[in-house]
file protein_35.cif (mmCIF, C-alpha atoms and all ligand atoms)
data_data
#
loop_
_atom_site.label_atom_id
_atom_site.label_comp_id
_atom_site.auth_asym_id
_atom_site.auth_seq_id
_atom_site.Cartn_x
_atom_site.Cartn_y
_atom_site.Cartn_z
CA MET T 1066 0.00 0.00 0.00
CA SER T 1067 1.21 3.50 -0.73
CA THR T 1068 1.59 5.98 2.07
CA THR T 1069 -0.91 8.37 0.49
CA ALA T 1070 -3.82 6.60 2.15
CA ARG T 1071 -2.27 6.32 5.59
CA ASN T 1072 -4.75 5.39 8.26
CA PRO T 1073 -5.35 8.53 10.28
CA ALA T 1074 -5.78 6.70 13.60
CA ILE T 1075 -3.47 8.40 16.03
CA ASP T 1076 -0.77 6.85 18.14
CA PRO T 1077 -1.90 6.77 21.79
CA ALA T 1078 1.69 7.32 22.92
CA THR T 1079 1.86 10.74 21.26
CA THR T 1080 -1.47 12.10 22.39
CA THR T 1081 -2.51 14.79 24.81
CA THR T 1082 -4.45 14.22 28.02
CA ASP T 1083 -7.60 15.82 26.60
CA PRO T 1084 -10.38 13.33 27.50
CA LEU T 1085 -12.11 14.11 24.18
CA SER T 1086 -9.02 13.28 22.13
CA LEU T 1087 -10.16 10.51 19.75
CA ILE T 1088 -7.89 7.54 19.06
CA ASP T 1089 -9.89 5.92 16.27
CA VAL T 1090 -13.35 5.14 14.94
CA ASP T 1091 -14.01 2.18 17.23
CA HIS T 1092 -16.94 0.91 15.19
CA VAL T 1093 -20.09 2.02 13.37
CA ARG T 1094 -23.23 0.31 14.63
CA PHE T 1095 -26.24 -0.24 12.38
CA TYR T 1096 -29.69 -1.21 13.62
CA VAL T 1097 -31.12 -3.62 11.05
CA ALA T 1098 -34.21 -5.81 10.92
CA ASN T 1099 -32.30 -9.01 10.17
CA ALA T 1100 -28.62 -8.87 11.11
CA LYS T 1101 -27.87 -12.38 9.89
CA GLN T 1102 -29.03 -11.56 6.37
CA ALA T 1103 -27.63 -8.01 6.40
CA ALA T 1104 -24.20 -9.40 7.36
CA HIS T 1105 -24.29 -11.62 4.30
CA PHE T 1106 -25.36 -8.72 2.06
CA TYR T 1107 -22.56 -6.40 3.21
CA ALA T 1108 -20.01 -9.22 3.12
CA HIS T 1109 -21.02 -10.26 -0.38
CA THR T 1110 -21.42 -6.83 -1.96
CA PHE T 1111 -18.62 -4.90 -0.20
CA GLY T 1112 -16.14 -7.66 0.69
CA PHE T 1113 -16.33 -7.50 4.49
CA GLN T 1114 -15.24 -10.38 6.69
CA VAL T 1115 -18.07 -11.66 8.90
CA ALA T 1116 -15.63 -11.85 11.77
CA GLN T 1117 -17.52 -12.19 15.05
CA VAL T 1118 -21.03 -12.71 16.35
CA SER T 1119 -22.92 -12.19 19.59
CA ASP T 1120 -26.29 -13.97 19.67
CA LEU T 1121 -28.26 -16.66 21.48
CA THR T 1122 -25.26 -19.01 21.17
CA THR T 1123 -23.12 -16.60 23.22
CA GLY T 1124 -25.87 -15.98 25.78
CA SER T 1125 -27.16 -12.73 24.26
CA ARG T 1126 -30.94 -13.04 24.82
CA ASP T 1127 -32.03 -9.56 23.66
CA GLU T 1128 -30.07 -8.83 20.50
CA ALA T 1129 -27.94 -10.41 17.80
CA SER T 1130 -24.86 -8.53 16.58
CA TYR T 1131 -22.40 -9.30 13.79
CA LEU T 1132 -18.98 -7.67 13.58
CA LEU T 1133 -17.91 -7.06 9.98
CA THR T 1134 -14.31 -6.04 9.31
CA GLN T 1135 -12.25 -4.80 6.38
CA GLY T 1136 -8.98 -2.86 6.72
CA ASN T 1137 -9.52 -0.64 9.76
CA ILE T 1138 -13.31 -0.58 9.28
CA ARG T 1139 -15.48 -2.26 11.92
CA LEU T 1140 -19.24 -2.38 11.36
CA ILE T 1141 -21.54 -3.93 13.95
CA LEU T 1142 -24.97 -4.95 12.64
CA THR T 1143 -27.47 -5.33 15.47
CA SER T 1144 -31.00 -6.75 15.41
CA PRO T 1145 -33.46 -6.88 18.30
CA LEU T 1146 -34.63 -10.33 19.42
CA ASN T 1147 -37.77 -9.04 21.11
CA LYS T 1148 -40.20 -6.15 20.83
CA SER T 1149 -38.95 -4.36 23.95
CA HIS T 1150 -35.42 -3.87 22.63
CA PRO T 1151 -35.01 -0.19 21.64
CA ALA T 1152 -33.86 -1.21 18.14
CA ALA T 1153 -37.30 -2.74 17.50
CA GLU T 1154 -39.00 0.66 17.79
CA GLU T 1155 -36.27 2.43 15.81
CA ILE T 1156 -36.47 -0.03 12.92
CA LYS T 1157 -40.22 0.54 12.82
CA LEU T 1158 -39.64 4.31 12.53
CA TYR T 1159 -36.56 4.51 10.30
CA GLY T 1160 -35.93 1.15 8.65
CA ASP T 1161 -32.32 -0.10 8.62
CA GLY T 1162 -29.69 2.56 9.30
CA ILE T 1163 -26.83 3.83 11.42
CA LYS T 1164 -27.37 4.16 15.16
CA ASP T 1165 -23.92 4.82 16.57
CA LEU T 1166 -20.61 6.30 15.42
CA ALA T 1167 -18.40 5.03 18.25
CA PHE T 1168 -15.00 6.51 19.07
CA THR T 1169 -12.12 4.80 20.83
CA VAL T 1170 -10.87 7.10 23.60
CA PHE T 1171 -8.37 6.78 26.44
CA ASP T 1172 -11.03 6.74 29.17
CA ALA T 1173 -14.71 6.36 28.26
CA GLU T 1174 -15.82 7.70 31.68
CA LYS T 1175 -13.73 10.85 31.44
CA ALA T 1176 -14.73 11.46 27.79
CA PHE T 1177 -18.39 11.08 28.80
CA GLU T 1178 -18.01 13.47 31.75
CA ALA T 1179 -16.33 16.05 29.51
CA ALA T 1180 -18.96 15.76 26.76
CA VAL T 1181 -21.84 16.02 29.25
CA LYS T 1182 -20.17 19.01 30.94
CA ASN T 1183 -19.94 20.58 27.46
CA GLY T 1184 -23.71 20.21 27.08
CA GLY T 1185 -24.03 16.72 25.60
CA GLU T 1186 -27.21 14.80 26.41
CA VAL T 1187 -26.79 11.35 27.99
CA ALA T 1188 -27.59 8.35 25.77
CA TYR T 1189 -26.30 5.86 28.34
CA GLU T 1190 -24.09 6.02 31.43
CA PRO T 1191 -20.61 4.48 31.54
CA THR T 1192 -20.60 0.71 31.92
CA THR T 1193 -17.67 -1.75 32.04
CA GLU T 1194 -17.55 -5.38 30.99
CA SER T 1195 -14.44 -7.24 32.02
CA ASP T 1196 -13.02 -10.70 32.45
CA GLU T 1197 -9.61 -12.03 33.45
CA THR T 1198 -8.13 -10.99 30.08
CA GLY T 1199 -9.20 -7.35 29.82
CA SER T 1200 -12.04 -4.85 29.84
CA VAL T 1201 -14.23 -2.66 27.64
CA THR T 1202 -15.79 0.50 29.08
CA ARG T 1203 -18.42 2.36 27.08
CA SER T 1204 -20.65 5.39 27.46
CA GLY T 1205 -22.81 7.33 25.03
CA ILE T 1206 -24.17 10.76 24.20
CA LYS T 1207 -26.99 11.71 21.84
CA THR T 1208 -26.49 13.72 18.67
CA TYR T 1209 -29.04 14.48 15.91
CA GLY T 1210 -32.15 12.31 15.59
CA ARG T 1211 -31.66 8.74 16.78
CA VAL T 1212 -27.88 8.83 16.31
CA ILE T 1213 -25.52 8.52 19.27
CA HIS T 1214 -21.76 8.68 19.78
CA SER T 1215 -20.36 6.00 22.04
CA PHE T 1216 -17.02 6.45 23.75
CA VAL T 1217 -15.15 3.16 24.10
CA SER T 1218 -11.98 2.53 26.12
CA ARG T 1219 -10.24 -0.82 26.04
CA THR T 1220 -7.64 -2.73 28.07
CA GLY T 1221 -5.80 -6.06 27.89
CA ALA T 1222 -7.00 -8.55 25.30
CA TYR T 1223 -9.71 -6.08 24.23
CA ASP T 1224 -7.39 -3.18 23.49
CA LEU T 1225 -7.54 -1.67 20.02
CA PRO T 1226 -4.29 -3.17 18.66
CA SER T 1227 -5.56 -6.64 19.65
CA VAL T 1228 -8.98 -6.00 18.08
CA LYS T 1229 -7.28 -4.84 14.86
CA LYS T 1230 -5.38 -8.14 14.79
CA GLY T 1231 -8.62 -10.10 15.04
CA GLY T 1232 -9.09 -10.30 18.81
CA LEU T 1233 -12.60 -10.21 20.24
CA ILE T 1234 -14.21 -6.77 20.14
CA ALA T 1235 -15.98 -7.50 23.45
CA SER T 1236 -16.27 -10.45 25.81
CA ASN T 1237 -19.80 -11.38 24.67
CA PHE T 1238 -18.68 -12.05 21.06
CA ARG T 1239 -17.26 -15.23 19.55
CA LYS T 1240 -15.26 -15.62 16.36
CA VAL T 1241 -17.15 -16.84 13.29
CA GLU T 1242 -15.63 -20.06 11.94
CA ASN T 1243 -16.11 -21.69 8.54
CA TYR T 1244 -17.94 -18.86 6.79
CA ALA T 1245 -17.30 -19.66 3.13
CA LEU T 1246 -17.68 -16.06 1.95
CA ASN T 1247 -14.80 -14.97 4.21
CA GLU T 1248 -12.37 -17.12 2.22
CA TYR T 1249 -13.71 -15.79 -1.09
CA ASN T 1250 -13.36 -12.21 0.17
CA LYS T 1251 -9.75 -12.76 1.24
CA ALA T 1252 -8.99 -13.97 -2.28
CA HIS T 1253 -10.92 -11.12 -3.95
CA PRO T 1254 -10.29 -8.00 -1.86
CA CYS T 1255 -12.35 -4.83 -2.32
CA GLY T 1256 -9.58 -2.70 -0.83
CA LEU T 1257 -11.68 -0.62 1.60
CA MET T 1258 -9.30 0.69 4.27
CA PHE T 1259 -11.00 3.00 6.76
CA THR T 1260 -13.92 5.36 7.31
CA ASP T 1261 -13.04 8.66 5.60
CA HIS T 1262 -16.13 10.63 6.56
CA LEU T 1263 -19.70 10.26 7.68
CA VAL T 1264 -22.44 12.64 6.59
CA GLY T 1265 -25.58 13.65 8.47
CA ASN T 1266 -28.77 15.16 7.05
CA VAL T 1267 -30.60 17.52 9.41
CA GLU T 1268 -33.80 19.54 9.07
CA LYS T 1269 -33.94 22.90 7.32
CA GLY T 1270 -32.62 25.62 9.62
CA LYS T 1271 -30.87 23.13 11.93
CA MET T 1272 -27.40 22.88 10.34
CA ASN T 1273 -25.87 25.68 12.39
CA HIS T 1274 -27.35 24.29 15.59
CA TRP T 1275 -25.51 20.97 15.02
CA VAL T 1276 -22.32 22.70 13.87
CA LYS T 1277 -22.27 24.48 17.22
CA TRP T 1278 -23.06 21.20 19.00
CA TYR T 1279 -20.00 19.50 17.48
CA GLU T 1280 -17.87 22.54 18.35
CA ASP T 1281 -19.14 22.78 21.93
CA VAL T 1282 -19.67 19.16 22.94
CA LEU T 1283 -17.00 17.22 21.02
CA GLU T 1284 -14.58 20.14 20.43
CA PHE T 1285 -14.65 19.64 16.64
CA LYS T 1286 -13.68 22.47 14.27
CA MET T 1287 -15.30 23.58 11.04
CA PHE T 1288 -13.20 22.24 8.18
CA MET T 1289 -15.06 23.77 5.22
CA HIS T 1290 -18.52 24.84 4.18
CA PHE T 1291 -20.67 24.93 1.05
CA ASP T 1292 -23.72 27.08 0.45
CA ASP T 1293 -26.62 26.61 -1.92
CA GLU T 1294 -24.68 28.44 -4.66
CA ASP T 1295 -22.14 25.60 -4.56
CA ILE T 1296 -24.65 22.79 -4.29
CA SER T 1297 -27.60 23.45 -6.51
CA THR T 1298 -29.03 22.41 -9.82
CA GLU T 1299 -31.85 24.04 -11.72
CA TYR T 1300 -34.28 22.31 -9.39
CA SER T 1301 -32.91 21.55 -5.95
CA ALA T 1302 -30.31 22.66 -3.43
CA LEU T 1303 -28.65 21.96 -0.12
CA MET T 1304 -26.17 23.55 2.26
CA SER T 1305 -23.35 21.76 4.04
CA LYS T 1306 -20.73 22.41 6.73
CA VAL T 1307 -17.93 19.93 7.34
CA MET T 1308 -16.94 19.35 10.98
CA ALA T 1309 -13.61 17.69 11.81
CA SER T 1310 -12.34 16.16 15.05
CA GLY T 1311 -9.36 17.88 16.65
CA ASN T 1312 -6.86 15.51 15.04
CA ASN T 1313 -8.79 15.23 11.71
CA LEU T 1314 -9.36 11.55 12.50
CA ILE T 1315 -12.93 11.83 11.30
CA LYS T 1316 -14.84 14.41 9.26
CA MET T 1317 -18.57 14.82 9.64
CA PRO T 1318 -20.29 17.01 7.04
CA ILE T 1319 -23.75 18.18 8.11
CA ASN T 1320 -26.29 18.92 5.36
CA GLU T 1321 -29.57 20.79 5.45
CA PRO T 1322 -32.06 21.23 2.61
CA ALA T 1323 -32.21 24.58 0.80
CA ASP T 1324 -35.04 26.06 -1.24
CA GLY T 1325 -35.21 25.09 -4.91
CA LYS T 1326 -37.93 24.73 -7.52
CA ARG T 1327 -38.37 21.13 -6.44
CA LYS T 1328 -37.62 18.95 -3.42
CA SER T 1329 -34.06 18.82 -2.06
CA GLN T 1330 -32.51 15.33 -1.83
CA ILE T 1331 -31.95 16.12 1.86
CA GLN T 1332 -35.68 16.67 2.34
CA GLU T 1333 -36.39 13.39 0.53
CA TYR T 1334 -34.15 11.61 3.05
CA ILE T 1335 -35.86 13.26 6.01
CA ASP T 1336 -39.34 12.51 4.64
CA TRP T 1337 -38.49 8.79 4.40
CA HIS T 1338 -36.72 8.84 7.78
CA ASN T 1339 -39.87 9.53 9.77
CA GLY T 1340 -39.32 13.31 9.49
CA SER T 1341 -36.13 12.95 11.47
CA PRO T 1342 -32.42 13.70 10.86
CA GLY T 1343 -29.90 10.89 10.50
CA ILE T 1344 -26.80 9.52 8.79
CA GLN T 1345 -26.99 9.91 5.00
CA HIS T 1346 -23.77 8.26 3.93
CA LEU T 1347 -20.61 6.62 5.10
CA ALA T 1348 -17.48 7.08 2.95
CA PHE T 1349 -14.84 4.34 2.83
CA ARG T 1350 -11.33 5.15 1.72
CA ASN T 1351 -9.23 2.98 -0.58
CA ASP T 1352 -5.87 3.40 -2.27
CA ASP T 1353 -6.82 2.07 -5.70
CA GLN T 1354 -10.21 3.35 -6.80
CA LEU T 1355 -10.18 1.48 -10.12
CA GLU T 1356 -9.47 -1.90 -8.51
CA SER T 1357 -11.98 -1.27 -5.72
CA VAL T 1358 -14.82 -0.11 -7.97
CA ALA T 1359 -14.16 -2.88 -10.52
CA GLU T 1360 -14.40 -5.52 -7.77
CA LEU T 1361 -17.47 -3.91 -6.20
CA ARG T 1362 -19.17 -3.78 -9.61
CA ARG T 1363 -18.37 -7.48 -10.17
CA ARG T 1364 -20.12 -8.15 -6.87
CA GLY T 1365 -23.22 -6.30 -8.03
CA VAL T 1366 -22.96 -3.02 -6.09
CA ASP T 1367 -25.56 -0.65 -7.52
CA PHE T 1368 -23.73 2.65 -8.11
CA LEU T 1369 -25.29 5.93 -9.11
CA TYR T 1370 -25.24 6.26 -12.91
CA ILE T 1371 -23.26 9.20 -14.28
CA PRO T 1372 -24.02 10.11 -17.93
CA ASP T 1373 -21.17 9.81 -20.47
CA ASP T 1374 -21.13 13.54 -21.19
CA TYR T 1375 -19.73 14.07 -17.68
CA TYR T 1376 -16.39 12.95 -19.15
CA ASP T 1377 -16.54 15.55 -21.97
CA GLU T 1378 -15.37 18.29 -19.63
CA VAL T 1379 -13.97 16.65 -16.50
CA TRP T 1380 -10.37 16.16 -17.72
CA ASP T 1381 -10.16 19.86 -18.60
CA ARG T 1382 -11.62 20.89 -15.27
CA VAL T 1383 -9.05 18.85 -13.37
CA SER T 1384 -6.05 19.78 -15.50
CA LYS T 1385 -6.92 23.47 -15.10
CA MET T 1386 -6.32 22.91 -11.39
CA GLY T 1387 -2.81 21.74 -12.29
CA TRP T 1388 -3.15 17.99 -11.72
CA GLU T 1389 -2.63 15.10 -14.04
CA ILE T 1390 -4.77 12.06 -13.30
CA LYS T 1391 -2.37 9.12 -13.23
CA GLU T 1392 -5.12 6.49 -13.38
CA ASP T 1393 -6.21 5.19 -16.82
CA HIS T 1394 -8.75 7.67 -18.20
CA GLU T 1395 -10.65 5.11 -20.29
CA LYS T 1396 -11.01 2.79 -17.31
CA ILE T 1397 -12.23 5.65 -15.12
CA LYS T 1398 -14.95 6.36 -17.70
CA ASP T 1399 -15.82 2.66 -18.14
CA LEU T 1400 -16.20 2.26 -14.38
CA GLY T 1401 -18.24 5.48 -14.12
CA ILE T 1402 -15.93 7.01 -11.51
CA LEU T 1403 -16.13 10.72 -10.61
CA ILE T 1404 -13.04 12.93 -10.38
CA ASP T 1405 -12.44 16.28 -8.73
CA ALA T 1406 -9.47 18.46 -7.85
CA ASP T 1407 -8.58 21.34 -5.58
CA HIS T 1408 -5.37 23.21 -4.75
CA GLU T 1409 -3.97 20.23 -2.80
CA GLY T 1410 -4.51 17.44 -5.31
CA TYR T 1411 -7.31 15.34 -6.78
CA LEU T 1412 -9.72 12.64 -5.67
CA LEU T 1413 -11.71 9.80 -7.21
CA GLN T 1414 -15.14 8.99 -5.80
CA LEU T 1415 -18.33 7.09 -6.48
CA PHE T 1416 -21.64 6.74 -4.67
CA THR T 1417 -23.92 3.74 -4.30
CA LYS T 1418 -27.66 3.98 -4.60
CA PRO T 1419 -29.55 3.61 -1.29
CA LEU T 1420 -28.68 0.33 0.45
CA GLN T 1421 -32.26 -0.41 1.47
CA ASP T 1422 -35.69 0.23 -0.05
CA ARG T 1423 -36.09 3.55 1.70
CA PRO T 1424 -34.03 6.32 0.00
CA THR T 1425 -31.91 6.81 3.11
CA LEU T 1426 -28.41 5.41 3.85
CA PHE T 1427 -25.84 4.92 1.05
CA PHE T 1428 -22.05 4.40 0.83
CA GLU T 1429 -19.34 6.41 -0.91
CA ILE T 1430 -16.10 4.85 -2.18
CA ILE T 1431 -13.30 7.43 -2.20
CA CYS T 1432 -9.59 7.58 -3.04
CA ARG T 1433 -7.63 10.74 -2.26
CA ARG T 1434 -4.57 11.84 -4.23
CA GLY T 1435 -3.77 14.87 -2.08
CA SER T 1436 -7.21 16.49 -2.13
CA GLN T 1437 -8.87 16.73 1.29
CA SER T 1438 -12.12 18.05 -0.17
CA PHE T 1439 -15.43 16.37 -0.90
CA GLY T 1440 -15.83 16.63 -4.66
CA LYS T 1441 -17.40 20.08 -4.95
CA GLY T 1442 -16.79 20.06 -8.72
CA ASN T 1443 -18.98 16.95 -8.96
CA PHE T 1444 -21.91 18.29 -6.99
CA LYS T 1445 -23.84 19.44 -10.04
CA ALA T 1446 -23.41 16.19 -12.05
CA LEU T 1447 -24.05 14.18 -8.94
CA PHE T 1448 -27.20 15.96 -7.92
CA GLU T 1449 -28.59 15.81 -11.43
CA ALA T 1450 -28.02 12.04 -11.29
CA LEU T 1451 -29.69 11.95 -7.87
CA GLU T 1452 -32.65 13.94 -9.15
CA LEU T 1453 -33.22 11.36 -11.89
CA GLU T 1454 -33.39 8.73 -9.15
CA GLN T 1455 -35.66 10.93 -7.01
CA GLU T 1456 -37.96 11.35 -10.00
CA ARG T 1457 -38.05 7.57 -10.57
CA ARG T 1458 -39.09 7.19 -6.91
CA GLY T 1459 -41.81 9.84 -7.33
CA ASN T 1460 -40.10 12.06 -4.73
CA LEU T 1461 -38.92 15.13 -6.64
FE FE2 J 1 -19.17 12.12 0.95
#
call {"tool": "encode", "arguments": {"input": "protein_35.cif", "output": "structure tokens"}}
result
Amino acid sequence: MSTTARNPAIDPATTTTDPLSLIDVDHVRFYVANAKQAAHFYAHTFGFQVAQVSDLTTGSRDEASYLLTQGNIRLILTSPLNKSHPAAEEIKLYGDGIKDLAFTVFDAEKAFEAAVKNGGEVAYEPTTESDETGSVTRSGIKTYGRVIHSFVSRTGAYDLPSVKKGGLIASNFRKVENYALNEYNKAHPCGLMFTDHLVGNVEKGKMNHWVKWYEDVLEFKMFMHFDDEDISTEYSALMSKVMASGNNLIKMPINEPADGKRKSQIQEYIDWHNGSPGIQHLAFRNDDQLESVAELRRRGVDFLYIPDDYYDEVWDRVSKMGWEIKEDHEKIKDLGILIDADHEGYLLQLFTKPLQDRPTLFFEIICRRGSQSFGKGNFKALFEALELEQERRGNL
């Protein structure tokens, strides 16, 4: 692997004593109606290892959870096993989607105390599970809609380096053995390395409220912003501000709908998300966009369709910024990959269609060649493609 896609997780030994200093994205938890089947879907289509499970066989009587791994990405898919589990109600309201963006921290109790002191609302109090080999302490605060941020601190056999090497993520999980798809995925890698950014959609007029929340509660900083001049087509518009953690470990753009002739894609999301804000997309970083997208397409990932005429002007647009795209131009076009550039370099990106029947959560596949931006030059082409989809769904 080249060093250009270095994992941004920070080295604990070099970090400050700030309790809200984030070490890594510990995991992203989804609430899904059928975790067993969802695990197979994400493993098959995106190449994840179905690594660990916590269910009736491990003594978990209320929920079943599957840990999916790839590179430094850890997804936990959780389903309720009875109607009184909170996920049961949330699935009824929102369908499948992201519940928790969990951060590894040095001390989950101290991070929780700091976030609550900063005005964060409690999702759940600190709790520790331990055995003779180590411990996992977690706590949680609420952000927009149903989404929470857990703080997770780990010791012994459950520390992050051990988990990255395949150790149990928590004491109530067991390793999955003899899962045929895992062998196939090892032989046919999709190359996804880590979570690059995670985007939230909030209601009109609420973006600045949540920007301030991330500044106040989690001590994030604004990284960049886009207004409706940047992100509009003839018909629809949105506004976006990108929040970044102190060490740029994670970036969290926050979108709100803006007025246009027709319905904003952000409003479409909110309408189909029970009128409530939530996570719109999760972007996974790779270091070879052509290989990754080719493999994902072979597996049947349904990407947003970009018309051929996009490529009539894109090479000029990027070369005017002073960058030469080193990847094969014909292959980029054949694979339908989007390109953008800024003063720091260029990026390659592509977006899936929604991952469930509701037009809510989707994934982005992104490769950065110096650019730290989000593909502003693609917004127009992208949103025109999205509007076609919105129209097909009768939601424009
Ligand atoms: Fe994105």
call {"tool": "residues_around", "arguments": {"input": "protein_35.cif", "residues": "T:Val1241", "least_positions_apart": "3", "cutoff": "9 Å", "atoms": "only C-alpha atoms", "output": "MDAnalysis selection string"}}
result
chainID T and resid 1115:1118 1244
call {"tool": "closest_atom_pairs", "arguments": {"input": "protein_35.cif", "of": "chain T", "to": "ligand FE2 1 (chain J)", "cutoff": "8 Å", "atoms": "all atoms listed in the file", "output": "JSON lines"}}
result
{"residue": "T:His1262", "atom": "CA", "partner": "J:FE2_1", "partner_atom": "FE", "distance": 6.6}
{"residue": "T:Leu1263", "atom": "CA", "partner": "J:FE2_1", "partner_atom": "FE", "distance": 7.0}
{"residue": "T:Val1264", "atom": "CA", "partner": "J:FE2_1", "partner_atom": "FE", "distance": 6.5}
{"residue": "T:Pro1318", "atom": "CA", "partner": "J:FE2_1", "partner_atom": "FE", "distance": 7.9}
{"residue": "T:His1346", "atom": "CA", "partner": "J:FE2_1", "partner_atom": "FE", "distance": 6.7}
{"residue": "T:Leu1347", "atom": "CA", "partner": "J:FE2_1", "partner_atom": "FE", "distance": 7.0}
{"residue": "T:Ala1348", "atom": "CA", "partner": "J:FE2_1", "partner_atom": "FE", "distance": 5.7}
{"residue": "T:Glu1429", "atom": "CA", "partner": "J:FE2_1", "partner_atom": "FE", "distance": 6.0}
{"residue": "T:Phe1439", "atom": "CA", "partner": "J:FE2_1", "partner_atom": "FE", "distance": 6.0}
{"residue": "T:Gly1440", "atom": "CA", "partner": "J:FE2_1", "partner_atom": "FE", "distance": 7.9}
call {"tool": "closest_residue", "arguments": {"input": "protein_35.cif", "among": "T:Gly1231, T:Gly1112, T:Gly1459, T:Gly1210", "to": "T:Pro1424", "atoms": "all atoms listed in the file"}}
result
T:Gly1459
call {"tool": "residues_around", "arguments": {"input": "protein_35.cif", "residues": "T:Cys1255", "least_positions_apart": "2", "cutoff": "7 Å", "atoms": "only C-alpha atoms", "output": "PyMOL selection string"}}
result
chain T and resi 1111-1112+1253+1257+1357+1360-1361
call {"tool": "residues_near_point", "arguments": {"input": "protein_35.cif", "point": "(-5.7, -5.7, 27.7)", "cutoff": "10 Å", "atoms": "all atoms listed in the file", "output": "ChimeraX atom specification"}}
result
/T:1195,1197-1201,1219-1227
call {"tool": "residues_around", "arguments": {"input": "protein_35.cif", "residues": "T:Glu1178", "least_positions_apart": "5", "cutoff": "12 Å", "atoms": "all atoms listed in the file", "output": "PyMOL selection string"}}
result
chain T and resi 1083-1085+1172-1173+1183-1187+1189-1191+1204-1206+1216+1282-1283
call {"tool": "closest_residue", "arguments": {"input": "protein_35.cif", "among": "T:Val1097, T:Ile1371, T:Leu1140, T:Ala1167", "to": "T:Ile1315", "atoms": "only C-alpha atoms"}}
result
T:Ala1167
call {"tool": "atom_distance", "arguments": {"input": "protein_35.cif", "atom1": "atom CA of T:Ile1163", "atom2": "atom CA of T:Gln1330"}}
result
18.4 Å
call {"tool": "atom_distance", "arguments": {"input": "protein_35.cif", "atom1": "atom CA of T:Glu1194", "atom2": "atom CA of T:Thr1123"}}
result
14.7 Å
call {"tool": "closest_residue", "arguments": {"input": "protein_35.cif", "among": "T:Leu1233, T:Leu1369, T:Val1170, T:Ala1152", "to": "T:His1214", "atoms": "all atoms listed in the file"}}
result
T:Val1170
call {"tool": "residues_around", "arguments": {"input": "protein_35.cif", "residues": "T:Gln1135", "least_positions_apart": "5", "cutoff": "8 Å", "atoms": "only C-alpha atoms", "output": "PyMOL selection string"}}
result
chain T and resi 1112-1114+1256-1259
call {"tool": "closest_atom_pairs", "arguments": {"input": "protein_35.cif", "of": "stretch 1083-1190 of chain T", "to": "stretch 1402-1422 of chain T", "cutoff": "10 Å", "atoms": "all atoms listed in the file", "output": "JSON lines"}}
result
{"residue": "T:Phe1106", "atom": "CA", "partner": "T:Leu1420", "partner_atom": "CA", "distance": 9.8}
{"residue": "T:Tyr1107", "atom": "CA", "partner": "T:Leu1420", "partner_atom": "CA", "distance": 9.5}
{"residue": "T:Gly1160", "atom": "CA", "partner": "T:Gln1421", "partner_atom": "CA", "distance": 8.2}
{"residue": "T:Asp1161", "atom": "CA", "partner": "T:Gln1421", "partner_atom": "CA", "distance": 7.2}
{"residue": "T:Gly1162", "atom": "CA", "partner": "T:Gln1421", "partner_atom": "CA", "distance": 8.8}
call {"tool": "axis_aligned_box", "arguments": {"input": "protein_35.cif", "around": "stretch 1236-1245 of chain T", "padding_each_side": "8 Å", "output": "JSON"}}
result
{"center_x": -17.5, "center_y": -16.1, "center_z": 14.5, "size_x": 20.5, "size_y": 27.2, "size_z": 38.7}
call {"tool": "atom_distance", "arguments": {"input": "protein_35.cif", "atom1": "atom CA of T:Leu1355", "atom2": "atom CA of T:His1290"}}
result
28.6 Å
call {"tool": "closest_residue", "arguments": {"input": "protein_35.cif", "among": "T:Leu1426, T:Val1228, T:Leu1121, T:Leu1146", "to": "T:Asn1266", "atoms": "all atoms listed in the file"}}
result
T:Leu1426
call {"tool": "decode", "arguments": {"input": "protein_35.cif", "residues": "stretch 1326-1332 of chain T", "atoms": "N, CA, C and O atoms", "output": "PDB file, in the first residue's frame"}}
result
ATOM      1  N   LYS T1326     -36.620  24.861  -6.861  1.00  0.00           N
ATOM      2  CA  LYS T1326     -37.931  24.734  -7.516  1.00  0.00           C
ATOM      3  C   LYS T1326     -38.626  23.451  -7.097  1.00  0.00           C
ATOM      4  O   LYS T1326     -39.833  23.347  -7.080  1.00  0.00           O
ATOM      5  N   ARG T1327     -37.801  22.418  -6.822  1.00  0.00           N
ATOM      6  CA  ARG T1327     -38.372  21.132  -6.437  1.00  0.00           C
ATOM      7  C   ARG T1327     -37.689  20.630  -5.180  1.00  0.00           C
ATOM      8  O   ARG T1327     -36.834  21.300  -4.622  1.00  0.00           O
ATOM      9  N   LYS T1328     -38.043  19.425  -4.747  1.00  0.00           N
ATOM     10  CA  LYS T1328     -37.621  18.953  -3.424  1.00  0.00           C
ATOM     11  C   LYS T1328     -36.128  18.635  -3.346  1.00  0.00           C
ATOM     12  O   LYS T1328     -35.594  17.902  -4.163  1.00  0.00           O
ATOM     13  N   SER T1329     -35.467  19.131  -2.312  1.00  0.00           N
ATOM     14  CA  SER T1329     -34.059  18.820  -2.062  1.00  0.00           C
ATOM     15  C   SER T1329     -33.914  17.339  -1.732  1.00  0.00           C
ATOM     16  O   SER T1329     -34.764  16.740  -1.060  1.00  0.00           O
ATOM     17  N   GLN T1330     -32.788  16.736  -2.186  1.00  0.00           N
ATOM     18  CA  GLN T1330     -32.514  15.332  -1.835  1.00  0.00           C
ATOM     19  C   GLN T1330     -32.432  15.153  -0.314  1.00  0.00           C
ATOM     20  O   GLN T1330     -32.721  14.068   0.194  1.00  0.00           O
ATOM     21  N   ILE T1331     -32.048  16.223   0.400  1.00  0.00           N
ATOM     22  CA  ILE T1331     -31.953  16.122   1.865  1.00  0.00           C
ATOM     23  C   ILE T1331     -33.355  15.995   2.461  1.00  0.00           C
ATOM     24  O   ILE T1331     -33.597  15.242   3.400  1.00  0.00           O
ATOM     25  N   GLN T1332     -34.295  16.766   1.856  1.00  0.00           N
ATOM     26  CA  GLN T1332     -35.677  16.673   2.337  1.00  0.00           C
ATOM     27  C   GLN T1332     -36.262  15.305   2.019  1.00  0.00           C
ATOM     28  O   GLN T1332     -37.017  14.741   2.824  1.00  0.00           O
TER      29      GLN T1332
END
